[in-house]
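Trainee: Right, I'll just put the structure down here and ask away after.
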Amino acid sequence: MTDEPVLEVRELRKEYRVRTSRAEAVPAAGSALLGHAVTRRERAGVLVAVDDVSFSVSPGQSLAVVGESGSGKTTVARMVVGLERPTSGTIMVSGRERSWRHVSSRERRRRAREVQIVFQDPYSSLDPRMSVRASLDESLRLHFDWTRERRDERVAELLDQVGLDRRQANSLPKALSGGQRQRVAIARALASEPRVLICDEAVASLDVSIQAQILNLLSDIRDATGVSYLFISHDLAVVRQVSDAVLVMRRGRVIEAGPTASVLSEPSDAYTKQLLAAIPRPGWKPTPSNS
Amino acid sequence: MWKVIGERAVSLVVTLLVASVGIYGALFLAPGNPATLLAGGHATPAVLATIERTEHLNEPFFTRYWDWLVGVLHGNLGQSFVYREPVTTLLAGRVGNTVFLVLYAATLIIAGGVVLGLLAALDRRAGAAITVLTSVGLGIPSFVAAIALITVFSVKLGWFPVFGSGTGLLSQLWHLTLPAVALAISWTAYTAQLTKAAVREELGREHVETARSRGISRRHVILRHVLRNAMIPITTVSGLTVAGLIAGDVVVEQAFGINGLGSFLVQSTLQKDFASVQAVSLILVATFVIVNGLVDLWSLVLDPRLRTGRA
Amino acid sequence: MATLEAPLVATPAPRSRRRPDWVVLSTGTVIALLVLMAVFAPLLAPDNPDYANILATNQGPSAAHLLGTDSFGRDLLSRLIYGVRLSLLGPALIILIATLVGTVLAILSAWYGGWFDRVVSRAADILFAFPGLIFAMLAVAMFGPGLVAPVVALSISYTPYLMRVIRAEALRQRNLPYVAACYVGGLSVRTICTRHILRNVMPLLVVQAALSFGYALVDLAAVSYLGLGVQPPTPEWGVMVSTGQSAILAGHPQESLLAGLMIVITVVAFNLLGDRLASRQKGTVRP
Amino acid sequence: MNVLEINHLAVELPVEGALRRVLHDVTLSIGPGEAVGLVGESGAGKSMASRAVIRLLPAGAAVHGDIRYSGDSVLAMDRAALRHFRTHDVAMVFQDPRAHINPVRTIGDFLLEALLERGERRDDARAAVIAVLAAVGVSEPERRLRQFPHELSGGLLQRVMIAAALAVSPTLLLADEPTTALDVTTQSDVMVILDARRRERGLAMLFVTHDLELAAAVCDRIAVLYAGFLVEDAPAGDLHRNLRHPYTAGLLASRPDPVAPRPRLAAIPGRPLSAFEVGAGCAFAPRCAFAVERCHLERPELRVLDAGRVACHRAEELAGQLALSPTPGGSE
């Protein structure tokens, strides 16, 4: 691909200061992070979540970032959309560098038309008190100077595009199933017509049969709109299905990168091999990972 | 763990200092001449002059505050201008009654509240009755309870004295039973509701399911898993109960004519005996802060997750 | 990754009226009646609450005085009805001020975090060290008895409590992905805080306001009872409990007991309503 | 004799005052030392089935049918018999060890509790627990006993849970999604240990999971649940070679493969139904590409076919077709 990259990230780094405040004393249930957190402390009080990560995404390309919990993959996604501030490094979108000082509301609005995100948990990623239509309309009103009729039309279009029934426009999230909610979240992200859509474990909490539907949907959307994907996942099988290129991360660092097909067919790094060997598939037997 | 304790000790001292500045400074925020306020209702020019001299009213605020604080730390709580005596002397005879009353009530609250709450959570039928009882109990302020108890048990039945605090342990117990009950009613109800909620919550926890799946007897499940873990929220909130007891004590002492810190605070407030108000407020606030500090420490003992100080 | 169990039929909406909720209905009725009594006191009261008749003191219930008279021969029913006004106005003001200030501080703290949050939380911790009643007494010592000083003092002392509860919920909302989606979607901070966070915190806010109302009423009545708030002969329940106390020994407990009963009924109504609203809300949280 | 026999198990749970069906019809047996995978999507009732075996259902649940452990009816057990069953014969490993182990008590308390409960001497119990911790690959077992759950990583904590289950030397192991909360490499590590220790000790196992491939790798037989019905029961090795039920075929086709990708996944249309939502006919009929009129009207019985059992009216005619033509893709 010769096009100018739509998203380019260079030497991204994120450090967290480890605080000892009372509020953080109780670990989140199910958090497997603890074990890694201790080993990754490079010096007292500083935790390096993302260390020297660079990549670029061309228009229409799908790049996957894969890793286990604590790998820093989600932090990368959050920095790209502006939810976290990088400690150092640059993020360029459509050739423009994103600065972190005094981002005005207007600038954020502009950036919202470049990159959007879909989160993992379909139950908490929609405002529980807002109907599907209101959610989509809020975004359309913010980004486009359209009449009410035009916006209604566009809401219907978006619902069609993500495979939702138009009658569901007036539903509140709680009346929808997990898969349907995830479709709404995708429609909301598409409403501002972004060039890059980040999927942060977007299919991880769905049932297998629904997961397949959403993966097919994402592929259809890419064909129809030419949007680029940054696909964050822990699941190499899913990554193989949706991405052209892949970045394997571990403990904040990129340990292997390349075209998805070749990385997954002939992994060169030992950890990638381990990761691949750990996925249950026909004829598979569990093996120790020696980590 | 020691680091966490240290941090909390520091924050306790800071809270106490700021609170004392607030209590001492309140006098200077009040409208009018501080000397007049300090003198209460006895403001002859001669008295005012004395006060300005003894209280160093012409010096900067923090100098005076410092002097006062040093005095307080040495056990000198200032001079009451109503009684013309050191506040410490005035309080000496009264502290005993208050401490007795509050501890008496606290015992009733802890014993009654936890037992009722546990019963309500574990037994469906008793639960419904206790829930009604605690809902009403929670709405009975201590002074209303006092009036009702006096009407029934002192006036109608004549079982308990109407006023006073008695001398000697038995007499004190007899005199202070109604006040302690009046003070305890709404907080017992509160503790019972809290215990019920905490126990119910723990009963539904996954680790309790694990214990049941392993064939642990019901008694052990309740004691070692449900009650043990429910103690954590109950302890945390008991700090609030202490605040309620301190405030309630003031009202109940007044209702039963008990000569303690609370009724003294009310009198001093009405007489504008500011040195006394300052002293008693400081004692009550300090008690509350320190007890809460102890509660905090106790929850460190109960909950190992809090000890690391870092997730 | 955990597979989420999808609720396949939506959990019923909290306001669904399949079965009438008798707790909400009855407590709501009691509260509505009290408000009506406060508004229409002059029409409802059979007598002038301040008219004393020394010839008819401490009478029992009769046709002329449905609930009897107090130790000055004033009609008790009328005094109780007029008493609703101040007895409700005070706590209403306290809760209104504390909720407004508390909510603004809570949402700003939750959103901005950092030093602002630390300062607000620290200040709340320190204010927490003053039990409300002690704070009110300090205020009375400074500014003299009346309604204003205790109401202001109690407003200040209820603010950190409401602030903490709301901040915790606002912080929880702020960390949910839907808020992140709003932010990434380009919505302004003000829009996110008001249209999304505040709206989702609102149910909790209503519950807390209802529950705190009872406590505020008790605290304020206690101040009056101690003689530090509204002064006799103004009809107010706390004052009436106090002025009636001397007649108890003479065998006439009606004034104290009736005023006390009004307080209990009101507080219980608000508490039950708040509890019920709270438990209904829990039902709407995702399974 | 079979270790576990479940006959026409149906379960209803109280939801807002009314009973709601969570399991319709499950018939299943596990022989000594045999591992059976119970596989299904959310709402299928797989967790409820495993909990019913150990009588761990919420209060007010209605259970129909029969569950027998070594011939004894579990549902008929009195208090003492149930305790004996739970302390000696069966052990359960839960999904989320962080929630399923009391956070305020030490690992030692947790591991020893069950042994002390049945009257073992403290020293013996301690020695046994240390040995079993070592057997599941927990380093420094003696130090671990003094630690609290929050000081251990998720993978380590799940090993502790497995150790707790093994420590009581049960005959039957119930594992409810034991690795779902873990990372893939950790899952692999934990499964290696669970599988090896189970085989060594000759334990029978009911392995509940949403992951067909994972179940196939560690189990002898696979039972597939859909909306509270057992729809297929087949030898694990036979699963990919011999597709019998359209739902199982659909599940296998939905899952992407990391090495051999498909241009497009064969998604099953619609969403998985919960037990209480199903109508008169076959529960899967509304989503099934092969459904005919009969499927919508008449409930298929579970019947023997080849080496397994299947509940599908058209199982015989579809044999061979299923593998070749995956169900057409669709949406909800």
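For the structure tokens, the naming scheme is as follows: chains receive sequential letters (A, B, ...) according to their order of presentation, residues are indexed from 1 within each chain, and ligands are indexed from 1 in presentation order.
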Fewer than 4 positions away in the same chain doesn't count, so skip those; otherwise give me all residues within 9 Å of Val148 in chain C, counting only C-alpha atoms, as a ChimeraX atom specification.
Mentor: /C:90,152-153,229
Trainee: Do you have, as JSON lines, the list of residues of chain A lying at most 8 Å from chain C, each with its nearest atom pair and that distance in Å to one decimal, counting only C-alpha atoms and ordered by chain then number?
Mentor:
```
{"residue": "A:Val81", "atom": "CA", "partner": "C:Val184", "partner_atom": "CA", "distance": 6.3}
{"residue": "A:Gly82", "atom": "CA", "partner": "C:Val184", "partner_atom": "CA", "distance": 7.2}
{"residue": "A:Leu83", "atom": "CA", "partner": "C:Ala180", "partner_atom": "CA", "distance": 7.2}
{"residue": "A:Ser105", "atom": "CA", "partner": "C:Ser188", "partner_atom": "CA", "distance": 5.7}
{"residue": "A:Arg108", "atom": "CA", "partner": "C:Gly186", "partner_atom": "CA", "distance": 5.2}
{"residue": "A:Arg109", "atom": "CA", "partner": "C:Gly186", "partner_atom": "CA", "distance": 4.2}
{"residue": "A:Arg110", "atom": "CA", "partner": "C:Gly186", "partner_atom": "CA", "distance": 7.5}
{"residue": "A:Arg111", "atom": "CA", "partner": "C:Gly186", "partner_atom": "CA", "distance": 7.4}
{"residue": "A:Ala112", "atom": "CA", "partner": "C:Gly185", "partner_atom": "CA", "distance": 5.1}
{"residue": "A:Arg113", "atom": "CA", "partner": "C:Gly185", "partner_atom": "CA", "distance": 7.9}
{"residue": "A:Val115", "atom": "CA", "partner": "C:Val184", "partner_atom": "CA", "distance": 8.0}
{"residue": "A:Gln116", "atom": "CA", "partner": "C:Val184", "partner_atom": "CA", "distance": 6.5}
{"residue": "A:Ile117", "atom": "CA", "partner": "C:Ala181", "partner_atom": "CA", "distance": 7.0}
{"residue": "A:Val118", "atom": "CA", "partner": "C:Ala181", "partner_atom": "CA", "distance": 7.7}
{"residue": "A:Phe119", "atom": "CA", "partner": "C:Pro177", "partner_atom": "CA", "distance": 6.7}
{"residue": "A:Asp121", "atom": "CA", "partner": "C:Pro177", "partner_atom": "CA", "distance": 7.8}
{"residue": "A:Tyr123", "atom": "CA", "partner": "C:Arg286", "partner_atom": "CA", "distance": 7.6}
{"residue": "A:Ser124", "atom": "CA", "partner": "C:Pro177", "partner_atom": "CA", "distance": 6.0}
{"residue": "A:Ser125", "atom": "CA", "partner": "C:Tyr178", "partner_atom": "CA", "distance": 3.9}
{"residue": "A:Leu126", "atom": "CA", "partner": "C:Tyr178", "partner_atom": "CA", "distance": 4.9}
{"residue": "A:Asp127", "atom": "CA", "partner": "C:Tyr178", "partner_atom": "CA", "distance": 5.7}
{"residue": "A:Pro128", "atom": "CA", "partner": "C:Asn200", "partner_atom": "CA", "distance": 7.9}
{"residue": "A:Arg129", "atom": "CA", "partner": "C:Asn200", "partner_atom": "CA", "distance": 7.1}
{"residue": "A:Ser139", "atom": "CA", "partner": "C:Gly185", "partner_atom": "CA", "distance": 6.8}
{"residue": "A:Leu142", "atom": "CA", "partner": "C:Leu187", "partner_atom": "CA", "distance": 7.4}
{"residue": "A:Lys174", "atom": "CA", "partner": "C:Ala10", "partner_atom": "CA", "distance": 5.7}
{"residue": "A:Ala175", "atom": "CA", "partner": "C:Ala10", "partner_atom": "CA", "distance": 4.7}
{"residue": "A:Leu176", "atom": "CA", "partner": "C:Ala10", "partner_atom": "CA", "distance": 7.3}
{"residue": "A:Ser177", "atom": "CA", "partner": "C:Ala6", "partner_atom": "CA", "distance": 6.0}
{"residue": "A:Gly178", "atom": "CA", "partner": "C:Ala6", "partner_atom": "CA", "distance": 5.9}
{"residue": "A:Ala189", "atom": "CA", "partner": "C:Gly185", "partner_atom": "CA", "distance": 7.5}
{"residue": "A:Ser192", "atom": "CA", "partner": "C:Gly185", "partner_atom": "CA", "distance": 7.6}
{"residue": "A:Ala204", "atom": "CA", "partner": "C:Met1", "partner_atom": "CA", "distance": 6.4}
{"residue": "A:Ser205", "atom": "CA", "partner": "C:Thr3", "partner_atom": "CA", "distance": 4.9}
{"residue": "A:Leu206", "atom": "CA", "partner": "C:Thr3", "partner_atom": "CA", "distance": 6.1}
{"residue": "A:Asp207", "atom": "CA", "partner": "C:Thr3", "partner_atom": "CA", "distance": 6.5}
```
Trainee: Using only C-alpha atoms and a cut-off of 7 Å, which residues of chain B sit close to chain D? Please list them as a list in words.
Mentor: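 For chain B, the answer reads Glu206, His207, Thr210, Ser213, Arg214, Gly215, Ile216, Asp303, Pro304 and Arg305 of chain B.
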Trainee: Which residues of chain D come within 7 Å of chain A, and for each one, what is the closest pair of atoms and their distance in Å to one decimal, counting only C-alpha atoms, sorted by chain and residue number, as CSV?
Mentor:
```
residue,atom,partner,partner_atom,distance
D:Glu41,CA,A:Asp207,CA,5.9
D:Ser42,CA,A:Asp207,CA,6.8
D:Asp96,CA,A:Gly30,CA,6.6
D:Arg98,CA,A:Gly30,CA,5.5
D:Ala99,CA,A:Ala29,CA,6.6
D:Ser153,CA,A:Gly35,CA,5.2
D:Gly154,CA,A:Ala32,CA,4.9
D:Asp183,CA,A:Glu68,CA,6.0
D:Val184,CA,A:Ala278,CA,5.8
D:Thr185,CA,A:Ala278,CA,5.4
D:Ser188,CA,A:Pro286,CA,5.1
D:Asp189,CA,A:Pro288,CA,4.8
D:Met191,CA,A:Pro286,CA,6.2
D:Val192,CA,A:Pro286,CA,5.4
D:Glu213,CA,A:Arg281,CA,5.2
D:Leu214,CA,A:Pro280,CA,5.2
D:Ala217,CA,A:Lys285,CA,5.4
D:Leu251,CA,A:Ser209,CA,6.3
D:Ser254,CA,A:Ala212,CA,5.4
D:Arg255,CA,A:Val208,CA,6.4
D:Pro256,CA,A:Ala237,CA,5.4
D:Asp257,CA,A:Ala237,CA,4.9
D:Pro258,CA,A:Ala237,CA,3.8
D:Val259,CA,A:Ser265,CA,6.1
D:Pro261,CA,A:Gln241,CA,6.1
D:Arg264,CA,A:Asn216,CA,6.6
D:Leu265,CA,A:Ala212,CA,5.9
D:Ala267,CA,A:Ala212,CA,5.1
D:Ile268,CA,A:Ser209,CA,5.6
D:Arg271,CA,A:Ile210,CA,6.6
D:Ser331,CA,A:Gln213,CA,6.2
```
Trainee: Do a neighbour search on Ile107 in chain C at 12 Å with only C-alpha atoms, toss out local chain neighbours closer than 3 positions, and write the hits as a PyMOL selection string.
Mentor: chain C and resi 99-104+110-113+116-117+120+162-174+189-190+192-194+196-202+205
Trainee: For Gly68 in chain C, find every residue with an atom within 9 Å (counting only C-alpha atoms), except residues of its own chain fewer than 5 positions away, and show them as a PDB file with N, CA and C atoms, in the first residue's frame.
Mentor:
```
ATOM      1  N   THR C  57     -56.269  24.655  80.402  1.00  0.00           N
ATOM      2  CA  THR C  57     -54.942  24.076  80.157  1.00  0.00           C
ATOM      3  C   THR C  57     -54.965  22.563  80.317  1.00  0.00           C
ATOM      4  N   ASN C  58     -54.072  21.907  79.553  1.00  0.00           N
ATOM      5  CA  ASN C  58     -53.870  20.461  79.653  1.00  0.00           C
ATOM      6  C   ASN C  58     -55.157  19.648  79.631  1.00  0.00           C
ATOM      7  N   GLN C  59     -56.075  20.063  78.760  1.00  0.00           N
ATOM      8  CA  GLN C  59     -57.312  19.291  78.664  1.00  0.00           C
ATOM      9  C   GLN C  59     -57.129  18.074  77.767  1.00  0.00           C
ATOM     10  N   GLY C  60     -57.937  17.068  78.027  1.00  0.00           N
ATOM     11  CA  GLY C  60     -57.939  15.899  77.149  1.00  0.00           C
ATOM     12  C   GLY C  60     -58.721  16.190  75.886  1.00  0.00           C
ATOM     13  N   PRO C  61     -58.800  15.248  74.982  1.00  0.00           N
ATOM     14  CA  PRO C  61     -59.545  15.445  73.735  1.00  0.00           C
ATOM     15  C   PRO C  61     -61.014  15.741  74.024  1.00  0.00           C
ATOM     16  N   SER C  62     -61.571  16.682  73.249  1.00  0.00           N
ATOM     17  CA  SER C  62     -62.987  17.034  73.389  1.00  0.00           C
ATOM     18  C   SER C  62     -63.484  17.517  72.038  1.00  0.00           C
ATOM     19  N   ALA C  63     -64.763  17.824  71.959  1.00  0.00           N
ATOM     20  CA  ALA C  63     -65.317  18.306  70.698  1.00  0.00           C
ATOM     21  C   ALA C  63     -64.664  19.635  70.306  1.00  0.00           C
ATOM     22  N   GLY C  73     -53.203  26.157  77.390  1.00  0.00           N
ATOM     23  CA  GLY C  73     -54.585  26.107  76.932  1.00  0.00           C
ATOM     24  C   GLY C  73     -54.729  26.324  75.436  1.00  0.00           C
ATOM     25  N   ARG C  74     -53.630  26.161  74.665  1.00  0.00           N
ATOM     26  CA  ARG C  74     -53.721  26.332  73.208  1.00  0.00           C
ATOM     27  C   ARG C  74     -54.158  25.023  72.560  1.00  0.00           C
ATOM     28  N   ASP C  75     -54.860  25.130  71.451  1.00  0.00           N
ATOM     29  CA  ASP C  75     -55.372  23.943  70.756  1.00  0.00           C
ATOM     30  C   ASP C  75     -54.218  23.145  70.148  1.00  0.00           C
ATOM     31  N   LEU C  76     -54.066  21.912  70.593  1.00  0.00           N
ATOM     32  CA  LEU C  76     -52.912  21.116  70.168  1.00  0.00           C
ATOM     33  C   LEU C  76     -52.946  20.769  68.685  1.00  0.00           C
ATOM     34  N   LEU C  77     -54.153  20.407  68.193  1.00  0.00           N
ATOM     35  CA  LEU C  77     -54.257  20.026  66.788  1.00  0.00           C
ATOM     36  C   LEU C  77     -53.778  21.166  65.897  1.00  0.00           C
ATOM     37  N   GLN C 254     -49.553  14.652  76.626  1.00  0.00           N
ATOM     38  CA  GLN C 254     -50.033  14.663  75.232  1.00  0.00           C
ATOM     39  C   GLN C 254     -49.244  15.579  74.304  1.00  0.00           C
ATOM     40  N   GLU C 255     -48.873  16.782  74.770  1.00  0.00           N
ATOM     41  CA  GLU C 255     -48.204  17.712  73.851  1.00  0.00           C
ATOM     42  C   GLU C 255     -46.881  17.109  73.357  1.00  0.00           C
TER      43      GLU C 255
END
```
Trainee: Please return as a compact mmCIF listing (two decimals) with N, CA and C atoms, in the first residue's frame: the residues of range 41-169 of chain A that backbone DSSP assigns to alpha helix (DSSP H).
Mentor:
```txt
# COMPACT_ATOMS: atom_id res chain seq x y z
N LYS A 73 -1.68 -3.49 25.52
CA LYS A 73 -2.39 -3.28 24.25
C LYS A 73 -3.56 -2.31 24.38
N THR A 74 -4.27 -2.42 25.49
CA THR A 74 -5.40 -1.51 25.68
C THR A 74 -4.93 -0.09 25.95
N THR A 75 -3.81 0.04 26.64
CA THR A 75 -3.26 1.37 26.90
C THR A 75 -2.91 2.06 25.59
N VAL A 76 -2.37 1.29 24.65
CA VAL A 76 -2.06 1.86 23.33
C VAL A 76 -3.33 2.43 22.71
N ALA A 77 -4.41 1.63 22.73
CA ALA A 77 -5.66 2.08 22.14
C ALA A 77 -6.16 3.34 22.83
N ARG A 78 -6.07 3.37 24.14
CA ARG A 78 -6.59 4.52 24.88
C ARG A 78 -5.77 5.78 24.60
N MET A 79 -4.49 5.60 24.34
CA MET A 79 -3.67 6.78 24.01
C MET A 79 -4.02 7.29 22.61
N VAL A 80 -4.26 6.38 21.70
CA VAL A 80 -4.57 6.80 20.33
C VAL A 80 -5.86 7.62 20.29
N SER A 105 -12.36 21.88 23.10
CA SER A 105 -13.54 21.08 22.76
C SER A 105 -13.65 20.94 21.24
N ARG A 106 -13.34 22.03 20.55
CA ARG A 106 -13.45 22.02 19.09
C ARG A 106 -12.47 21.05 18.47
N GLU A 107 -11.25 21.07 19.01
CA GLU A 107 -10.23 20.17 18.51
C GLU A 107 -10.61 18.72 18.78
N ARG A 108 -11.20 18.49 19.95
CA ARG A 108 -11.62 17.12 20.25
C ARG A 108 -12.72 16.67 19.29
N ARG A 109 -13.61 17.62 18.95
CA ARG A 109 -14.68 17.30 18.01
C ARG A 109 -14.10 16.91 16.65
N ARG A 110 -13.06 17.67 16.26
CA ARG A 110 -12.43 17.37 14.98
C ARG A 110 -11.78 15.99 15.02
N ARG A 111 -11.09 15.72 16.13
CA ARG A 111 -10.43 14.42 16.26
C ARG A 111 -11.45 13.28 16.27
N ALA A 112 -12.63 13.57 16.81
CA ALA A 112 -13.67 12.53 16.87
C ALA A 112 -14.08 12.09 15.47
N VAL A 132 -31.41 4.05 21.60
CA VAL A 132 -30.48 3.87 20.49
C VAL A 132 -30.49 5.12 19.59
N ARG A 133 -31.70 5.59 19.28
CA ARG A 133 -31.81 6.76 18.40
C ARG A 133 -31.13 7.97 19.02
N ALA A 134 -31.39 8.19 20.33
CA ALA A 134 -30.82 9.37 20.98
C ALA A 134 -29.29 9.32 20.97
N SER A 135 -28.74 8.11 21.20
CA SER A 135 -27.28 7.96 21.19
C SER A 135 -26.70 8.34 19.83
N LEU A 136 -27.30 7.81 18.79
CA LEU A 136 -26.78 8.08 17.44
C LEU A 136 -27.00 9.54 17.07
N ASP A 137 -28.19 10.06 17.42
CA ASP A 137 -28.54 11.42 17.04
C ASP A 137 -27.63 12.42 17.74
N GLU A 138 -27.26 12.12 18.99
CA GLU A 138 -26.39 13.02 19.73
C GLU A 138 -25.08 13.23 18.97
N SER A 139 -24.56 12.13 18.44
CA SER A 139 -23.31 12.22 17.71
C SER A 139 -23.49 12.96 16.38
N LEU A 140 -24.59 12.67 15.68
CA LEU A 140 -24.83 13.33 14.39
C LEU A 140 -25.00 14.83 14.57
N ARG A 141 -25.73 15.22 15.61
CA ARG A 141 -25.97 16.63 15.86
C ARG A 141 -24.67 17.37 16.14
N LEU A 142 -23.79 16.66 16.83
CA LEU A 142 -22.52 17.28 17.21
C LEU A 142 -21.62 17.51 16.00
N HIS A 143 -21.64 16.55 15.07
CA HIS A 143 -20.65 16.59 14.01
C HIS A 143 -21.16 17.15 12.68
N ARG A 148 -33.25 17.79 10.99
CA ARG A 148 -33.77 16.65 11.73
C ARG A 148 -34.06 15.48 10.80
N GLU A 149 -34.68 15.80 9.65
CA GLU A 149 -35.05 14.73 8.70
C GLU A 149 -33.80 14.01 8.22
N ARG A 150 -32.78 14.81 7.87
CA ARG A 150 -31.54 14.22 7.37
C ARG A 150 -30.92 13.31 8.43
N ARG A 151 -30.97 13.79 9.67
CA ARG A 151 -30.39 12.98 10.74
C ARG A 151 -31.17 11.68 10.94
N ASP A 152 -32.51 11.77 10.91
CA ASP A 152 -33.32 10.56 11.06
C ASP A 152 -32.99 9.54 9.97
N GLU A 153 -32.82 10.09 8.78
CA GLU A 153 -32.48 9.24 7.64
C GLU A 153 -31.15 8.52 7.90
N ARG A 154 -30.20 9.30 8.39
CA ARG A 154 -28.88 8.74 8.63
C ARG A 154 -28.91 7.70 9.76
N VAL A 155 -29.72 7.95 10.80
CA VAL A 155 -29.87 6.97 11.88
C VAL A 155 -30.37 5.66 11.28
N ALA A 156 -31.37 5.75 10.40
CA ALA A 156 -31.91 4.53 9.78
C ALA A 156 -30.84 3.83 8.96
N GLU A 157 -30.06 4.61 8.23
CA GLU A 157 -28.97 4.04 7.43
C GLU A 157 -27.97 3.30 8.30
N LEU A 158 -27.59 3.96 9.40
CA LEU A 158 -26.60 3.34 10.29
C LEU A 158 -27.14 2.03 10.87
N LEU A 159 -28.41 2.04 11.27
CA LEU A 159 -29.01 0.83 11.82
C LEU A 159 -28.99 -0.29 10.78
N ASP A 160 -29.33 0.06 9.53
CA ASP A 160 -29.28 -0.94 8.46
C ASP A 160 -27.87 -1.49 8.32
N GLN A 161 -26.92 -0.56 8.35
CA GLN A 161 -25.54 -0.96 8.12
C GLN A 161 -25.03 -1.96 9.16
```
Trainee: Got a sec: who's within 7 Å of Ala182 in chain B, counting only C-alpha atoms, leaving out chain neighbours fewer than 3 positions off, as a list in words?
Mentor: Ser142, Ala145, Ala146, Leu178, Pro179 and Ile185 of chain B
Trainee: Quick check for you: according to DSSP on this backbone, which residues of range 60-234 of chain D are classed as strand (DSSP E or B)? Reply as a PDB file with C-alpha atoms, in the first residue's frame.
Mentor:
```pdb
ATOM      1  CA  ALA D  62     -37.517 -26.674  41.813  1.00  0.00           C
ATOM      2  CA  VAL D  63     -35.608 -29.722  40.588  1.00  0.00           C
ATOM      3  CA  HIS D  64     -37.279 -32.527  38.623  1.00  0.00           C
ATOM      4  CA  GLY D  65     -35.811 -35.800  37.436  1.00  0.00           C
ATOM      5  CA  ASP D  66     -33.137 -37.826  39.079  1.00  0.00           C
ATOM      6  CA  ILE D  67     -29.454 -37.417  39.924  1.00  0.00           C
ATOM      7  CA  ARG D  68     -27.576 -40.455  41.200  1.00  0.00           C
ATOM      8  CA  TYR D  69     -24.064 -40.639  42.561  1.00  0.00           C
ATOM      9  CA  ASP D  72     -27.533 -43.069  45.519  1.00  0.00           C
ATOM     10  CA  SER D  73     -30.074 -40.372  44.781  1.00  0.00           C
ATOM     11  CA  VAL D  90     -17.277 -34.659  45.031  1.00  0.00           C
ATOM     12  CA  ALA D  91     -15.333 -31.419  44.628  1.00  0.00           C
ATOM     13  CA  MET D  92     -15.989 -28.356  42.545  1.00  0.00           C
ATOM     14  CA  VAL D  93     -13.634 -25.935  40.805  1.00  0.00           C
ATOM     15  CA  LEU D 172     -16.031 -36.880  40.954  1.00  0.00           C
ATOM     16  CA  LEU D 173     -14.690 -33.480  39.963  1.00  0.00           C
ATOM     17  CA  LEU D 174     -16.996 -30.715  38.798  1.00  0.00           C
ATOM     18  CA  ALA D 175     -15.196 -27.945  36.933  1.00  0.00           C
ATOM     19  CA  ASP D 176     -17.252 -24.875  36.006  1.00  0.00           C
ATOM     20  CA  ALA D 204     -14.409 -38.715  36.872  1.00  0.00           C
ATOM     21  CA  MET D 205     -14.995 -35.153  35.707  1.00  0.00           C
ATOM     22  CA  LEU D 206     -17.829 -32.976  34.506  1.00  0.00           C
ATOM     23  CA  PHE D 207     -16.132 -30.127  32.667  1.00  0.00           C
ATOM     24  CA  VAL D 208     -18.396 -27.147  31.990  1.00  0.00           C
ATOM     25  CA  THR D 209     -17.204 -24.729  29.312  1.00  0.00           C
ATOM     26  CA  ARG D 221     -17.134 -37.260  25.640  1.00  0.00           C
ATOM     27  CA  ILE D 222     -18.799 -33.987  24.755  1.00  0.00           C
ATOM     28  CA  ALA D 223     -22.355 -33.119  25.716  1.00  0.00           C
ATOM     29  CA  VAL D 224     -23.788 -30.050  24.005  1.00  0.00           C
ATOM     30  CA  LEU D 225     -26.487 -28.016  25.730  1.00  0.00           C
ATOM     31  CA  TYR D 226     -28.795 -25.579  23.989  1.00  0.00           C
ATOM     32  CA  PHE D 229     -31.827 -29.206  26.359  1.00  0.00           C
ATOM     33  CA  LEU D 230     -29.068 -31.720  25.882  1.00  0.00           C
ATOM     34  CA  VAL D 231     -28.918 -31.798  22.066  1.00  0.00           C
ATOM     35  CA  GLU D 232     -25.927 -34.018  21.461  1.00  0.00           C
ATOM     36  CA  ASP D 233     -23.616 -36.383  23.296  1.00  0.00           C
ATOM     37  CA  ALA D 234     -20.664 -37.668  21.291  1.00  0.00           C
TER      38      ALA D 234
END
```
Trainee: Excluding same-chain residues fewer than 4 positions from Val53 in chain A, what lies within 7 Å of it counting only C-alpha atoms, as an mmCIF file with C-alpha atoms, in the first residue's frame?
Mentor:
```cif
data_model
loop_
_atom_site.group_PDB
_atom_site.id
_atom_site.type_symbol
_atom_site.label_atom_id
_atom_site.label_comp_id
_atom_site.auth_asym_id
_atom_site.auth_seq_id
_atom_site.Cartn_x
_atom_site.Cartn_y
_atom_site.Cartn_z
ATOM 1 C CA ARG A 10 6.145 6.415 16.859
ATOM 2 C CA GLU A 11 8.061 5.401 19.957
ATOM 3 C CA LEU A 12 5.023 5.527 22.150
ATOM 4 C CA ARG A 13 5.688 5.168 25.862
ATOM 5 C CA ARG A 253 6.837 -4.047 24.265
ATOM 6 C CA VAL A 254 6.298 -5.145 20.698
#
```
